[in-house]
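Asker: Contents are compact mmCIF, C-alpha atoms; file name my_file_37.txt:
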```txt
# COMPACT_ATOMS: atom_id res chain seq x y z
CA MET A 1372 -20.17 -37.36 6.01
CA LYS A 1373 -18.47 -35.02 3.55
CA LEU A 1374 -14.93 -35.18 2.23
CA GLY A 1375 -12.98 -31.96 2.68
CA VAL A 1376 -9.45 -30.56 2.41
CA PHE A 1377 -7.47 -28.13 4.53
CA THR A 1378 -6.57 -25.78 1.68
CA VAL A 1379 -3.23 -24.50 2.99
CA LEU A 1380 -1.45 -27.15 0.91
CA TYR A 1381 -2.42 -25.06 -2.16
CA GLN A 1382 -1.66 -21.69 -0.57
CA ASN A 1383 0.39 -20.67 -3.62
CA LEU A 1384 -2.62 -21.01 -5.91
CA PRO A 1385 -5.15 -18.18 -6.35
CA PHE A 1386 -8.35 -18.75 -4.37
CA GLU A 1387 -10.68 -19.68 -7.22
CA VAL A 1388 -8.04 -21.76 -9.00
CA MET A 1389 -7.65 -23.74 -5.77
CA LEU A 1390 -11.42 -24.21 -5.52
CA ASP A 1391 -11.63 -25.44 -9.11
CA LYS A 1392 -8.80 -27.89 -8.56
CA LEU A 1393 -10.38 -29.40 -5.45
CA THR A 1394 -13.83 -29.55 -7.07
CA GLU A 1395 -12.36 -31.54 -9.96
CA MET A 1396 -10.88 -33.97 -7.41
CA GLY A 1397 -14.32 -34.61 -5.93
CA VAL A 1398 -13.91 -32.61 -2.74
CA GLU A 1399 -17.11 -31.38 -1.04
CA ALA A 1400 -15.83 -28.99 1.66
CA VAL A 1401 -12.91 -26.68 2.35
CA GLU A 1402 -11.21 -25.78 5.61
CA LEU A 1403 -9.65 -22.33 5.35
CA GLY A 1404 -6.69 -20.85 7.20
CA THR A 1405 -7.21 -17.35 8.60
CA GLY A 1406 -3.73 -16.67 9.94
CA ASN A 1407 -1.11 -17.71 12.51
CA PHE A 1408 0.63 -20.99 11.54
CA PRO A 1409 -1.74 -21.86 8.61
CA GLY A 1410 -1.43 -18.42 7.02
CA ASN A 1411 -4.35 -16.62 5.39
CA SER A 1412 -3.62 -16.75 1.66
CA HIS A 1413 -7.16 -17.89 0.84
CA CYS A 1414 -9.09 -16.23 3.66
CA ASN A 1415 -7.75 -13.00 5.10
CA PRO A 1416 -10.05 -11.64 7.83
CA ASP A 1417 -8.68 -8.11 7.41
CA ASP A 1418 -9.73 -8.05 3.75
CA LEU A 1419 -13.13 -9.67 4.23
CA LEU A 1420 -14.40 -8.09 7.45
CA GLU A 1421 -14.05 -4.57 6.08
CA ASN A 1422 -15.79 -5.26 2.78
CA PRO A 1423 -19.31 -6.79 2.60
CA ASP A 1424 -19.03 -7.05 -1.20
CA LYS A 1425 -15.88 -9.14 -0.88
CA ILE A 1426 -17.62 -11.44 1.60
CA ARG A 1427 -20.53 -11.97 -0.78
CA SER A 1428 -18.18 -12.66 -3.69
CA PHE A 1429 -16.14 -15.00 -1.49
CA GLN A 1430 -19.24 -16.97 -0.50
CA ARG A 1431 -20.50 -17.14 -4.09
CA ALA A 1432 -17.19 -18.56 -5.28
CA ILE A 1433 -17.52 -21.41 -2.78
CA GLU A 1434 -21.24 -22.08 -3.04
CA SER A 1435 -21.36 -21.92 -6.86
CA ARG A 1436 -19.01 -24.90 -6.94
CA GLY A 1437 -21.19 -26.92 -4.58
CA LEU A 1438 -18.71 -26.58 -1.73
CA THR A 1439 -19.16 -25.68 1.93
CA ILE A 1440 -16.72 -24.31 4.52
CA SER A 1441 -16.14 -26.92 7.22
CA GLY A 1442 -14.18 -24.62 9.52
CA LEU A 1443 -11.90 -21.62 9.83
CA SER A 1444 -8.47 -22.46 11.18
CA CYS A 1445 -6.19 -20.09 13.07
CA HIS A 1446 -3.76 -22.45 14.83
CA GLY A 1447 -1.46 -20.30 16.95
CA ASN A 1448 -0.32 -19.80 20.53
CA PRO A 1449 -2.31 -17.01 22.20
CA LEU A 1450 -0.81 -18.11 25.54
CA HIS A 1451 2.78 -17.53 24.42
CA PRO A 1452 4.90 -15.87 27.14
CA ASN A 1453 6.22 -13.43 24.53
CA VAL A 1454 3.59 -10.70 24.80
CA LYS A 1455 3.90 -9.62 21.17
CA MET A 1456 3.50 -13.16 19.83
CA ALA A 1457 0.58 -13.84 22.17
CA ARG A 1458 -1.16 -10.61 21.14
CA GLU A 1459 -0.77 -11.38 17.44
CA ALA A 1460 -2.19 -14.89 17.86
CA HIS A 1461 -5.01 -13.55 20.00
CA GLU A 1462 -5.95 -10.88 17.45
CA VAL A 1463 -6.10 -13.46 14.65
CA TRP A 1464 -8.28 -15.68 16.84
CA ARG A 1465 -10.73 -12.86 17.59
CA LYS A 1466 -10.93 -11.76 13.95
CA THR A 1467 -11.55 -15.38 13.01
CA VAL A 1468 -14.50 -15.50 15.41
CA LEU A 1469 -15.96 -12.37 13.82
CA LEU A 1470 -15.43 -13.76 10.33
CA ALA A 1471 -16.97 -17.13 11.23
CA GLU A 1472 -20.03 -15.24 12.43
CA ARG A 1473 -20.29 -13.33 9.14
CA LEU A 1474 -19.75 -16.46 7.02
CA ASP A 1475 -22.03 -18.62 9.17
CA VAL A 1476 -19.24 -21.16 9.76
CA PRO A 1477 -19.95 -23.21 12.91
CA VAL A 1478 -16.43 -24.40 13.80
CA ILE A 1479 -13.12 -22.67 14.51
CA ASN A 1480 -10.04 -24.90 14.63
CA GLY A 1481 -6.88 -24.11 16.55
CA PHE A 1482 -4.45 -25.01 19.29
CA SER A 1483 -4.93 -24.54 23.02
CA GLY A 1484 -1.56 -22.81 23.22
CA CYS A 1485 1.15 -23.24 25.83
CA PRO A 1486 2.43 -20.66 28.37
CA GLY A 1487 5.90 -20.33 29.79
CA ASP A 1488 6.79 -21.39 33.33
CA HIS A 1489 6.42 -17.92 34.89
CA LEU A 1490 5.33 -14.42 33.91
CA SER A 1491 8.77 -13.33 32.70
CA ALA A 1492 9.46 -16.45 30.62
CA LYS A 1493 10.63 -16.10 27.02
CA HIS A 1494 9.49 -19.42 25.56
CA PRO A 1495 6.63 -21.90 26.08
CA ASN A 1496 7.27 -24.75 28.50
CA TRP A 1497 5.46 -27.98 27.63
CA VAL A 1498 5.45 -30.10 30.79
CA THR A 1499 5.56 -33.85 30.13
CA CYS A 1500 6.44 -35.34 33.52
CA SER A 1501 5.49 -34.87 37.16
CA TRP A 1502 8.97 -35.19 38.71
CA PRO A 1503 11.15 -33.45 39.80
CA PRO A 1504 8.40 -31.63 41.68
CA GLU A 1505 8.96 -28.22 40.08
CA TYR A 1506 7.40 -29.58 36.87
CA ALA A 1507 4.14 -30.28 38.65
CA GLU A 1508 4.27 -26.78 40.11
CA VAL A 1509 4.77 -25.27 36.65
CA LEU A 1510 1.86 -27.25 35.24
CA ASP A 1511 -0.43 -26.22 38.07
CA TRP A 1512 0.52 -22.54 37.59
CA GLN A 1513 -0.03 -22.72 33.82
CA TRP A 1514 -3.53 -24.11 34.09
CA LYS A 1515 -4.77 -22.02 37.02
CA GLU A 1516 -3.22 -18.69 36.12
CA VAL A 1517 -3.16 -18.71 32.31
CA VAL A 1518 -4.94 -21.52 30.44
CA ILE A 1519 -8.29 -21.69 32.22
CA PRO A 1520 -8.81 -17.92 32.67
CA TYR A 1521 -7.96 -17.20 29.03
CA TRP A 1522 -10.17 -19.84 27.45
CA LYS A 1523 -13.09 -19.20 29.80
CA GLU A 1524 -13.09 -15.61 28.61
CA GLU A 1525 -12.61 -16.52 24.94
CA ALA A 1526 -15.35 -19.14 25.04
CA LYS A 1527 -17.71 -16.40 26.24
CA PHE A 1528 -16.54 -14.09 23.45
CA ALA A 1529 -17.10 -16.79 20.83
CA GLU A 1530 -20.55 -17.63 22.18
CA MET A 1531 -21.51 -13.93 22.05
CA HIS A 1532 -20.87 -14.16 18.31
CA GLY A 1533 -22.75 -17.41 17.77
CA ILE A 1534 -19.72 -19.72 17.75
CA ASN A 1535 -20.28 -22.71 20.00
CA GLN A 1536 -17.64 -25.05 18.62
CA ILE A 1537 -14.00 -24.23 19.39
CA ALA A 1538 -12.14 -27.27 18.09
CA PHE A 1539 -8.68 -27.84 19.50
CA GLU A 1540 -6.22 -30.04 17.69
CA MET A 1541 -4.67 -32.24 20.37
CA HIS A 1542 -1.03 -31.53 19.57
CA PRO A 1543 2.11 -32.21 21.63
CA GLY A 1544 3.85 -28.98 22.57
CA PHE A 1545 0.57 -27.45 23.76
CA VAL A 1546 -1.32 -27.94 27.02
CA VAL A 1547 -4.15 -29.80 25.24
CA TYR A 1548 -2.47 -32.79 23.60
CA ASN A 1549 -4.70 -35.80 24.42
CA PRO A 1550 -8.33 -36.55 25.36
CA GLU A 1551 -7.68 -36.14 29.09
CA THR A 1552 -6.29 -32.61 28.75
CA LEU A 1553 -9.01 -31.65 26.26
CA LEU A 1554 -11.74 -32.76 28.64
CA LYS A 1555 -10.00 -30.98 31.51
CA LEU A 1556 -10.20 -27.68 29.65
CA ARG A 1557 -13.78 -28.41 28.57
CA GLU A 1558 -14.73 -29.00 32.20
CA HIS A 1559 -13.45 -25.56 33.19
CA ALA A 1560 -14.23 -23.48 30.09
CA GLY A 1561 -17.51 -25.05 29.03
CA PRO A 1562 -19.06 -27.30 26.35
CA SER A 1563 -18.01 -25.03 23.47
CA ILE A 1564 -14.53 -26.55 23.89
CA GLY A 1565 -14.09 -29.69 21.81
CA ALA A 1566 -11.74 -31.48 19.43
CA ASN A 1567 -10.53 -31.05 15.91
CA PHE A 1568 -9.70 -34.75 16.05
CA ASP A 1569 -6.43 -35.47 14.24
CA PRO A 1570 -5.27 -39.07 14.71
CA SER A 1571 -1.80 -38.32 13.35
CA HIS A 1572 -0.80 -36.49 16.53
CA LEU A 1573 -2.23 -39.19 18.78
CA VAL A 1574 -0.93 -42.47 17.39
CA TRP A 1575 2.73 -41.64 17.91
CA GLN A 1576 1.96 -40.93 21.55
CA GLY A 1577 0.64 -44.51 21.83
CA ILE A 1578 -3.03 -43.49 21.74
CA ASP A 1579 -5.55 -45.72 19.94
CA PRO A 1580 -7.60 -43.30 17.78
CA VAL A 1581 -10.71 -45.51 17.91
CA GLU A 1582 -10.71 -45.57 21.71
CA ALA A 1583 -10.03 -41.83 21.82
CA ILE A 1584 -12.97 -41.21 19.46
CA LYS A 1585 -15.22 -43.30 21.69
CA LYS A 1586 -14.06 -41.39 24.78
CA LEU A 1587 -14.60 -37.93 23.30
CA GLY A 1588 -17.66 -38.94 21.31
CA ARG A 1589 -19.52 -39.97 24.44
CA GLU A 1590 -18.98 -36.41 25.66
CA ASN A 1591 -20.18 -34.91 22.34
CA ALA A 1592 -16.76 -33.30 22.15
CA ILE A 1593 -15.72 -33.98 18.53
CA PHE A 1594 -16.47 -30.93 16.37
CA HIS A 1595 -14.20 -31.46 13.35
CA PHE A 1596 -11.88 -34.14 11.97
CA HIS A 1597 -8.49 -34.05 10.26
CA ALA A 1598 -7.57 -36.99 8.06
CA LYS A 1599 -3.80 -37.26 8.36
CA ASP A 1600 -1.71 -40.37 8.85
CA THR A 1601 1.50 -41.17 10.73
CA TYR A 1602 4.00 -43.91 9.98
CA LEU A 1603 5.56 -45.47 13.07
CA ASP A 1604 9.11 -46.73 12.52
CA GLN A 1605 9.23 -49.57 15.02
CA SER A 1606 12.99 -50.09 14.62
CA ASN A 1607 13.73 -46.52 15.71
CA ILE A 1608 11.03 -46.61 18.39
CA LYS A 1609 12.60 -49.73 19.93
CA VAL A 1610 15.87 -47.85 20.34
CA ASN A 1611 14.82 -44.27 21.10
CA GLY A 1612 11.11 -44.30 21.98
CA VAL A 1613 8.51 -42.03 20.44
CA LEU A 1614 9.73 -38.59 21.50
CA ASP A 1615 11.65 -37.25 18.52
CA THR A 1616 13.09 -33.80 17.85
CA LYS A 1617 14.85 -34.58 14.56
CA HIS A 1618 13.72 -32.61 11.52
CA TYR A 1619 10.76 -34.07 9.64
CA SER A 1620 12.95 -34.56 6.56
CA LYS A 1621 15.05 -37.24 8.33
CA VAL A 1622 12.51 -39.94 7.52
CA LEU A 1623 14.90 -42.87 7.89
CA ASP A 1624 16.10 -41.75 11.32
CA ARG A 1625 12.87 -40.59 12.95
CA SER A 1626 10.60 -42.67 15.18
CA TRP A 1627 7.53 -41.41 13.33
CA THR A 1628 6.70 -39.47 10.17
CA PHE A 1629 3.54 -37.79 8.87
CA ARG A 1630 2.18 -39.55 5.79
CA SER A 1631 -0.70 -39.42 3.36
CA VAL A 1632 -3.79 -41.34 4.46
CA GLY A 1633 -3.15 -45.05 3.95
CA TYR A 1634 0.63 -44.85 4.14
CA GLY A 1635 0.89 -44.96 7.91
CA HIS A 1636 -2.06 -47.25 8.62
CA ASN A 1637 -3.92 -49.50 6.24
CA GLU A 1638 -7.45 -49.14 4.92
CA LYS A 1639 -8.88 -51.37 7.67
CA VAL A 1640 -7.59 -48.97 10.35
CA TRP A 1641 -9.16 -46.03 8.54
CA LYS A 1642 -12.44 -47.91 8.18
CA ASP A 1643 -12.38 -48.55 11.92
CA ILE A 1644 -11.79 -44.83 12.56
CA ILE A 1645 -14.64 -43.77 10.27
CA SER A 1646 -16.92 -46.41 11.81
CA ALA A 1647 -16.10 -45.16 15.32
CA LEU A 1648 -16.97 -41.62 14.24
CA ARG A 1649 -20.27 -42.91 12.85
CA ALA A 1650 -20.97 -44.82 16.07
CA VAL A 1651 -20.59 -41.69 18.22
CA GLY A 1652 -22.83 -39.65 15.93
CA TYR A 1653 -20.22 -37.62 14.04
CA ASP A 1654 -21.74 -36.77 10.66
CA TYR A 1655 -19.67 -33.82 9.54
CA VAL A 1656 -16.59 -33.24 7.39
CA ILE A 1657 -13.52 -35.45 7.11
CA SER A 1658 -10.94 -32.79 6.22
CA ILE A 1659 -7.70 -34.05 4.68
CA GLU A 1660 -4.53 -32.40 5.95
CA HIS A 1661 -1.68 -33.35 3.64
CA GLU A 1662 1.86 -33.30 5.09
CA ASP A 1663 3.97 -36.02 3.46
CA MET A 1664 7.70 -35.78 2.75
CA LEU A 1665 7.52 -38.75 0.35
CA ALA A 1666 4.67 -37.66 -1.91
CA SER A 1667 3.99 -34.62 -4.04
CA ILE A 1668 1.03 -32.47 -3.00
CA ASP A 1669 -1.16 -33.62 -5.89
CA GLU A 1670 -0.27 -37.30 -5.72
CA GLY A 1671 -0.44 -37.54 -1.94
CA LEU A 1672 -3.79 -35.75 -1.84
CA ILE A 1673 -5.31 -37.84 -4.64
CA LYS A 1674 -4.28 -41.05 -2.89
CA ALA A 1675 -5.87 -39.85 0.35
CA ILE A 1676 -9.07 -38.84 -1.46
CA THR A 1677 -9.24 -42.20 -3.24
CA LEU A 1678 -8.90 -44.21 -0.03
CA LEU A 1679 -11.31 -42.11 1.99
CA LYS A 1680 -14.01 -42.06 -0.69
CA GLY A 1681 -14.30 -45.81 -0.20
CA THR A 1682 -14.61 -45.56 3.58
CA LEU A 1683 -17.06 -42.68 4.19
CA PHE A 1684 -20.72 -43.32 4.97
CA LYS A 1685 -22.91 -41.07 2.83
CA GLU A 1686 -26.44 -42.29 3.54
CA GLN A 1687 -28.58 -41.90 6.64
CA LEU A 1688 -28.89 -44.86 8.98
CA THR A 1689 -31.96 -47.05 8.48
CA GLU A 1690 -33.87 -49.09 11.04
CA MET A 1691 -32.24 -52.32 12.19
CA TRP A 1692 -34.28 -54.72 10.03
CA TRP A 1693 -32.46 -57.82 11.32
CA ALA A 1694 -33.15 -57.35 15.03
```
Show me this structure written as structure tokens.

Answerer:
Amino acid sequence: MKLGVFTVLYQNLPFEVMLDKLTEMGVEAVELGTGNFPGNSHCNPDDLLENPDKIRSFQRAIESRGLTISGLSCHGNPLHPNVKMAREAHEVWRKTVLLAERLDVPVINGFSGCPGDHLSAKHPNWVTCSWPPEYAEVLDWQWKEVVIPYWKEEAKFAEMHGINQIAFEMHPGFVVYNPETLLKLREHAGPSIGANFDPSHLVWQGIDPVEAIKKLGRENAIFHFHAKDTYLDQSNIKVNGVLDTKHYSKVLDRSWTFRSVGYGHNEKVWKDIISALRAVGYDYVISIEHEDMLASIDEGLIKAITLLKGTLFKEQLTEMWWA
């Protein structure tokens, strides 16, 4: 396994300054945003695709520091009912596929997206219950008319360009938000659909990340991994449950809050997560995504790196000498 970082946390730093900083911290891989929600400050497809010299210089900057690119990330909503917003997200996705092909990056990370509840809707409609019955009707329409057709077509497009790993972050607010919905889309759109497994979005839903890893791992459906933690405030959960729309800054009032690795769950939990990944055959990058209201970028990232360095398995498995 390699330790990586999703570089958008240093989006205000120049590209090579960011690379130097992460190299000094002991990072081995970078995950780069190509647009939509992550932005493209370090990896703009429009700049790179039109200029072979820039691509070569870009690759040299990464490789000369002993780094690799774990994935290109273009988290957006190409299923948005607003046609303009959907088109923009779609165009970024397609350019990301073309860039991944040129850079020989095997994984593209993103969101499944979420449609509205009918063709003339203005906003996405994330369905979370089956009653009253119109919710079930909306969900059925979304999947049959929008979600499955779109991703079947885009999976074919990606495969045409040598990309066989489309890694969805299971994120509430989008139609793929847990292992069940991920596997549903994979069943319809093909085996190139998998997970960018981020436990931080699962634990507040009540999902055990180890069991979710085992479920998806048995299907060979984990393509990438985000190391991000979530603190669960049991006092607030006991009163209001886990659904929470308050701003992330209201840490004392929220039911859950994103934290640096180790500040939501202890080292033993993270060792169990890494061990589960090892058990299902995942031997790729553990990419830190830092989003912590209570820690500076540098301090929060360093603490995450320090904890994870002690949990990752670096050597190949040997034969079982004791049995």

Asker: Enter the distance from CA of His1489 (chain A) to CA of Val1509 (chain A), in Å, rounded to one decimal.

Answerer: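 Computing it gives 7.7 Å between the two atoms.
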
Asker: At a cut-off of 8 Å, using all atoms listed in the file, what residues contact Ala1526 (chain A)? Leave out same-chain residues fewer than 6 positions from it and give the result as a short mmCIF file (atom, residue, chain, number, x, y, z; two decimals) with C-alpha atoms, keeping the file's coordinate frame.

Answerer:
```
data_model
loop_
_atom_site.label_atom_id
_atom_site.label_comp_id
_atom_site.auth_asym_id
_atom_site.auth_seq_id
_atom_site.Cartn_x
_atom_site.Cartn_y
_atom_site.Cartn_z
CA ASN A 1535 -20.28 -22.71 20.00
CA ILE A 1537 -14.00 -24.23 19.39
CA ALA A 1560 -14.23 -23.48 30.09
CA GLY A 1561 -17.51 -25.05 29.03
CA SER A 1563 -18.01 -25.03 23.47
CA ILE A 1564 -14.53 -26.55 23.89
#
```

Asker: Using only C-alpha atoms, find the one residue out of A:Trp1641, A:Gln1536, A:Ala1529, A:Leu1587 that sits nearest to Glu1551 (chain A).

Answerer: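 Selected residue with least distance to Glu1551 (chain A): A:Leu1587.
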
Asker: For Ser1435 (chain A), please output as a PyMOL selection string all residues within 12 Å (counting all atoms listed in the file; exclusion window: fewer than 2 positions along the same chain).

Answerer: chain A and resi 1387+1390-1391+1394+1399+1427-1433+1437-1439

Asker: Could you list, as a PyMOL selection string, every residue within 6 Å of region 1669-1683 of chain A, counting only C-alpha atoms and ignoring same-chain residues fewer than 2 positions away?

Answerer: chain A and resi 1631-1632+1642+1666-1667

Asker: Considering only C-alpha atoms, state which residue in the set A:Val1376, A:Asn1496, A:Ile1645, A:Glu1690 is at the smallest distance from Trp1512 (chain A).

Answerer: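 Going through A:Val1376, A:Asn1496, A:Ile1645, A:Glu1690 one by one, the smallest distance to Trp1512 (chain A) is for A:Asn1496.
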
Asker: So, counting only C-alpha atoms, which residue among A:Ile1519, A:Trp1514, A:Gly1442, A:Thr1467 is closest to Asp1418 (chain A)?

Answerer: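 Looking only at the distances to Asp1418 (chain A), the closest residue turns out to be A:Thr1467.
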
Asker: Let me have the centre and edge lengths of the axis-aligned box enclosing all listed atoms of region 1534-1549 of chain A with 8 Å padding on every side, in Å to one decimal, as AutoDock Vina command-line options.

Answerer:
```
--center_x -8.2 --center_y -27.8 --center_z 22.4 --size_x 40.1 --size_y 32.1 --size_z 25.3
```

Asker: Which polymer residues, whether protein, DNA or RNA, lie within 12 Å of the coordinate (-0.1, -38.2, 22.1) when you count all atoms listed in the file? List them as a JSON list (two decimals) with C-alpha atoms, in the coordinates of the input, using the chain letters and numbers from the file.

Answerer:
```json
[["chain", "number", "residue", "atom", "x", "y", "z"],
["A", 1499, "THR", "CA", 5.56, -33.85, 30.13],
["A", 1540, "GLU", "CA", -6.22, -30.04, 17.69],
["A", 1541, "MET", "CA", -4.67, -32.24, 20.37],
["A", 1542, "HIS", "CA", -1.03, -31.53, 19.57],
["A", 1543, "PRO", "CA", 2.11, -32.21, 21.63],
["A", 1544, "GLY", "CA", 3.85, -28.98, 22.57],
["A", 1545, "PHE", "CA", 0.57, -27.45, 23.76],
["A", 1546, "VAL", "CA", -1.32, -27.94, 27.02],
["A", 1547, "VAL", "CA", -4.15, -29.80, 25.24],
["A", 1548, "TYR", "CA", -2.47, -32.79, 23.60],
["A", 1549, "ASN", "CA", -4.70, -35.80, 24.42],
["A", 1550, "PRO", "CA", -8.33, -36.55, 25.36],
["A", 1551, "GLU", "CA", -7.68, -36.14, 29.09],
["A", 1552, "THR", "CA", -6.29, -32.61, 28.75],
["A", 1553, "LEU", "CA", -9.01, -31.65, 26.26],
["A", 1568, "PHE", "CA", -9.70, -34.75, 16.05],
["A", 1569, "ASP", "CA", -6.43, -35.47, 14.24],
["A", 1570, "PRO", "CA", -5.27, -39.07, 14.71],
["A", 1571, "SER", "CA", -1.80, -38.32, 13.35],
["A", 1572, "HIS", "CA", -0.80, -36.49, 16.53],
["A", 1573, "LEU", "CA", -2.23, -39.19, 18.78],
["A", 1574, "VAL", "CA", -0.93, -42.47, 17.39],
["A", 1575, "TRP", "CA", 2.73, -41.64, 17.91],
["A", 1576, "GLN", "CA", 1.96, -40.93, 21.55],
["A", 1577, "GLY", "CA", 0.64, -44.51, 21.83],
["A", 1578, "ILE", "CA", -3.03, -43.49, 21.74],
["A", 1579, "ASP", "CA", -5.55, -45.72, 19.94],
["A", 1580, "PRO", "CA", -7.60, -43.30, 17.78],
["A", 1583, "ALA", "CA", -10.03, -41.83, 21.82],
["A", 1601, "THR", "CA", 1.50, -41.17, 10.73],
["A", 1613, "VAL", "CA", 8.51, -42.03, 20.44],
["A", 1614, "LEU", "CA", 9.73, -38.59, 21.50]]
```

Asker: Excluding Met1456 (chain A) and residues on its chain fewer than 6 positions from it, collect all residues at most 12 Å away from it, counting only C-alpha atoms, and give them as a compact mmCIF listing (two decimals) with C-alpha atoms, in the coordinates of the input.

Answerer:
```
# COMPACT_ATOMS: atom_id res chain seq x y z
CA ASN A 1407 -1.11 -17.71 12.51
CA PHE A 1408 0.63 -20.99 11.54
CA GLY A 1447 -1.46 -20.30 16.95
CA ASN A 1448 -0.32 -19.80 20.53
CA PRO A 1449 -2.31 -17.01 22.20
CA LEU A 1450 -0.81 -18.11 25.54
CA GLU A 1462 -5.95 -10.88 17.45
CA VAL A 1463 -6.10 -13.46 14.65
CA GLY A 1484 -1.56 -22.81 23.22
CA CYS A 1485 1.15 -23.24 25.83
CA PRO A 1486 2.43 -20.66 28.37
CA LYS A 1493 10.63 -16.10 27.02
CA HIS A 1494 9.49 -19.42 25.56
CA PRO A 1495 6.63 -21.90 26.08
```

Asker: Find the residue from A:Met1389, A:Arg1557, A:His1595, A:Ser1441 that sits nearest to Gly1375 (chain A); use only C-alpha atoms when measuring.

Answerer: A:Ser1441

Asker: Which distance in Å separates CA of Arg1473 (chain A) and CA of Val1517 (chain A), to one decimal?

Answerer: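 Calculated distance between CA of Arg1473 (chain A) and CA of Val1517 (chain A) is 29.3 Å.
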
Asker: Quick one: pull the distance between CA of Leu1384 (chain A) and CA of Asp1475 (chain A), Å, one decimal.

Answerer: 24.7 Å

Asker: Please identify all polymer residues lying at most 12 Å from the point (9.6, -49.2, 13.4) (file coordinates), using only C-alpha atoms, and present the result as number ranges by chain.

Answerer: A: 1575, 1601-1613, 1622-1628, 1635

Asker: Skipping near chain neighbours, those fewer than 5 positions away, what residues fall within 9 Å of Gln1382 (chain A) using all atoms listed in the file, listed as a ChimeraX atom specification?

Answerer: /A:1389,1410-1413

Asker: Rank nothing, just name the residue among A:Ala1647, A:Ala1471, A:Ala1492, A:Ala1592 nearest to Glu1558 (chain A), using all atoms listed in the file.

Answerer: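 Counting all atoms listed in the file, the residue closest to Glu1558 (chain A) is A:Ala1592.
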
Asker: Find the residue from A:Gly1588, A:Tyr1619, A:Val1640, A:Cys1500 that sits nearest to Gly1652 (chain A); use all atoms listed in the file when measuring.

Answerer: A:Gly1588
